[in-house]
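Enquirer: Structure provided below as structure tokens; questions to follow.
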Amino acid sequence: MGKRMYWILKIIQDNKTNAMSAKEIVLKLQEHDIYVDIKTIYSCIQRINEFFYEWLHKDMIVAVKKSGFRIENEFFLDGELQFLLDSVTYHQDLDSHDKLRLKDKFMLLSSSHQQERLVQFSLKDKPLTFSLFLNLSTIMKAIENKTIISFQYINYEVKNNHLKEVPSTNGNNLDQYIVSPYQIILNNNHYYLISYNDKYKNTLTTYRIDRMRMIKTTQHQFIEIREQFDMDDEIEKMTNMYISKERTTLELECHQRLLREIVSHFGKDITAKKLYQETYLVKIKDVSMSEGLIGWIMMLQDQIKVVAPLSLQQDIKNRLIKLSRLYQDVI
């Protein structure tokens, strides 16, 4: 029954016309060496709808009077599937093989009509020396089973004017890092592992998973020290590693056209006062001073000016002076 249900669903999904009769489905099934009668088609469609009902809360396949059957409700909304496909396509830590395999799995739940509505982007072949999916799967199982893992952690050296990936030799045993894995977190579109490495006593260690190679489980004894830490606090510190605890009220002078960018960065809980023409003084409370904030301000160059705090204004001024010195000898 499972094979029949699968092919009936796929045949209806791939149908280019508005609906498909039970007789047409019977003939299509024969191309896959499946021979059934029309009564079985009705039975299988009922079971398919029962299977998907718990997710969709309505029938996936509907009967169109005098026409046959068609997909009425997609498993994913168009926007949901587009978002998932784009997230996979543009993820920097996935190679083209992993991207294509995951996209094909999403498409298994999508009709041909829906696929025609999607915006498809070509996959650029980006060869990688690791599989993010394999890394994550291995680590997740090790966390569940409380199993020690070993791995190499990459570094780079220059050879023939090109960067070459090499294993770091700062591990427990030269290029071998041996850790008790505790938790995976996502930060800035990269996955990190929080763990314990007995080379660094009584502290937690963090490793970027896309920089880990040759991950495997070992027979070493798992070491549990999480009770010594507030893990939620440790995760917050990891997630905000570039954010200072210092918080202040930020005042910016900018053109009206930048208001949308400021809202995108800080949210709508801001105040704005018109100074002259289309120039505004924007005030944002409870802002954390960070490298990320300074980088964002400097990225906008002369389109924005820090009015307060004065310490931040001076910091940016000093950085601009250093930057200018780098190019003093450039003609």
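Residues are referred to by chain and number: the chain letter is A, B, ... according to the order shown in the structure tokens, the number counts from 1 in that chain, and ligands are numbered separately from 1 in the order shown.
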Please give the complete set of residues from stretch 48-266 of chain A that DSSP, run on the backbone, assigns to strand (DSSP E or B), formatted as a ChimeraX atom specification.

Expert: /A:61-64,68-71,149-159,162-167,171,173-174,176-187,190-196,205-208,212-217,243-255

Enquirer: Per DSSP on the backbone, what are the alpha helix (DSSP H) residues of stretch 262-305 of chain A, as a VMD selection string?

Expert: chain A and resid 262 to 266 291 to 299

Enquirer: Using only C-alpha atoms, which protein or nucleic acid residues come within 10 Å of stretch 90-94 of chain A? Drop anything in the same chain fewer than 5 positions from it, and give the result as a VMD selection string.

Expert: chain A and resid 85 99 to 100 121 123 to 124 126 to 128 130 to 133 189 to 191 209 to 211

Enquirer: Mind giving me the straight-line distance from atom CA of A:Lys201 to atom CA of A:Gln176 in Å, one decimal?

Expert: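 Spanning atom CA of A:Lys201 to atom CA of A:Gln176 is a straight-line distance of 17.3 Å.
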
Enquirer: Can you measure atom CA of A:Leu118 to atom CA of A:Ser87 for me? One decimal in Å is fine.

Expert: 13.6 Å

Enquirer: Counting only C-alpha atoms, what is within 7 Å of stretch 52-61 of chain A, bar same-chain residues fewer than 4 positions away, as a ChimeraX atom specification?

Expert: /A:48,69-75

Enquirer: Can you tell me, as a list in words, what residues are no more than 9 Å from A:Ser180 when counting only C-alpha atoms, ignoring any on the same chain fewer than 4 positions away?

Expert: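 Neighbouring residues, sequence-local ones excluded: Ala142, Ile143, Lys146, Thr147, Ile148, Ile149, Ile194, Ser195, Tyr196, Asn197, Asp198, Gln221, Phe222, Ile223 and Glu224 of chain A.
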
Enquirer: Would you output that residue set with N, CA, C and O atoms, as a PDB file, in the first residue's frame?

Expert:
```pdb
ATOM      1  N   ALA A 142      26.588  12.248  19.528  1.00  0.00           N
ATOM      2  CA  ALA A 142      27.552  12.188  20.629  1.00  0.00           C
ATOM      3  C   ALA A 142      27.019  12.911  21.867  1.00  0.00           C
ATOM      4  O   ALA A 142      27.202  12.451  22.989  1.00  0.00           O
ATOM      5  N   ILE A 143      26.336  14.037  21.655  1.00  0.00           N
ATOM      6  CA  ILE A 143      25.731  14.769  22.783  1.00  0.00           C
ATOM      7  C   ILE A 143      24.654  13.920  23.445  1.00  0.00           C
ATOM      8  O   ILE A 143      24.590  13.811  24.671  1.00  0.00           O
ATOM      9  N   LYS A 146      26.292  11.072  25.300  1.00  0.00           N
ATOM     10  CA  LYS A 146      27.373  11.502  26.208  1.00  0.00           C
ATOM     11  C   LYS A 146      28.674  10.768  25.862  1.00  0.00           C
ATOM     12  O   LYS A 146      29.266  10.071  26.680  1.00  0.00           O
ATOM     13  N   THR A 147      29.084  10.969  24.613  1.00  0.00           N
ATOM     14  CA  THR A 147      30.272  10.317  24.079  1.00  0.00           C
ATOM     15  C   THR A 147      31.316  11.363  23.716  1.00  0.00           C
ATOM     16  O   THR A 147      30.994  12.388  23.102  1.00  0.00           O
ATOM     17  N   ILE A 148      32.562  11.114  24.078  1.00  0.00           N
ATOM     18  CA  ILE A 148      33.671  11.993  23.719  1.00  0.00           C
ATOM     19  C   ILE A 148      33.877  11.961  22.202  1.00  0.00           C
ATOM     20  O   ILE A 148      33.744  10.918  21.562  1.00  0.00           O
ATOM     21  N   ILE A 149      34.222  13.114  21.624  1.00  0.00           N
ATOM     22  CA  ILE A 149      34.571  13.154  20.207  1.00  0.00           C
ATOM     23  C   ILE A 149      35.990  13.700  20.041  1.00  0.00           C
ATOM     24  O   ILE A 149      36.486  14.455  20.887  1.00  0.00           O
ATOM     25  N   ILE A 194      29.550  23.955  22.099  1.00  0.00           N
ATOM     26  CA  ILE A 194      30.020  24.248  23.454  1.00  0.00           C
ATOM     27  C   ILE A 194      30.411  22.920  24.080  1.00  0.00           C
ATOM     28  O   ILE A 194      29.623  21.962  24.065  1.00  0.00           O
ATOM     29  N   SER A 195      31.618  22.854  24.631  1.00  0.00           N
ATOM     30  CA  SER A 195      32.145  21.569  25.083  1.00  0.00           C
ATOM     31  C   SER A 195      33.140  21.770  26.223  1.00  0.00           C
ATOM     32  O   SER A 195      33.407  22.909  26.648  1.00  0.00           O
ATOM     33  N   TYR A 196      33.699  20.650  26.694  1.00  0.00           N
ATOM     34  CA  TYR A 196      34.770  20.703  27.692  1.00  0.00           C
ATOM     35  C   TYR A 196      36.001  20.011  27.134  1.00  0.00           C
ATOM     36  O   TYR A 196      35.934  18.868  26.666  1.00  0.00           O
ATOM     37  N   ASN A 197      37.118  20.716  27.165  1.00  0.00           N
ATOM     38  CA  ASN A 197      38.405  20.193  26.738  1.00  0.00           C
ATOM     39  C   ASN A 197      39.311  20.188  27.970  1.00  0.00           C
ATOM     40  O   ASN A 197      39.581  21.247  28.545  1.00  0.00           O
ATOM     41  N   ASP A 198      39.767  18.988  28.395  1.00  0.00           N
ATOM     42  CA  ASP A 198      40.525  18.918  29.649  1.00  0.00           C
ATOM     43  C   ASP A 198      41.885  19.604  29.579  1.00  0.00           C
ATOM     44  O   ASP A 198      42.605  19.687  30.577  1.00  0.00           O
ATOM     45  N   GLN A 221      36.590   8.711  28.569  1.00  0.00           N
ATOM     46  CA  GLN A 221      35.488   8.894  29.525  1.00  0.00           C
ATOM     47  C   GLN A 221      34.909  10.302  29.396  1.00  0.00           C
ATOM     48  O   GLN A 221      35.631  11.298  29.426  1.00  0.00           O
ATOM     49  N   PHE A 222      33.602  10.376  29.233  1.00  0.00           N
ATOM     50  CA  PHE A 222      32.887  11.650  29.126  1.00  0.00           C
ATOM     51  C   PHE A 222      33.017  12.418  30.440  1.00  0.00           C
ATOM     52  O   PHE A 222      32.836  11.863  31.533  1.00  0.00           O
ATOM     53  N   ILE A 223      33.331  13.701  30.344  1.00  0.00           N
ATOM     54  CA  ILE A 223      33.491  14.545  31.537  1.00  0.00           C
ATOM     55  C   ILE A 223      32.342  15.541  31.586  1.00  0.00           C
ATOM     56  O   ILE A 223      32.114  16.294  30.630  1.00  0.00           O
ATOM     57  N   GLU A 224      31.627  15.548  32.690  1.00  0.00           N
ATOM     58  CA  GLU A 224      30.453  16.408  32.842  1.00  0.00           C
ATOM     59  C   GLU A 224      30.752  17.510  33.856  1.00  0.00           C
ATOM     60  O   GLU A 224      30.949  17.246  35.043  1.00  0.00           O
TER      61      GLU A 224
END
```
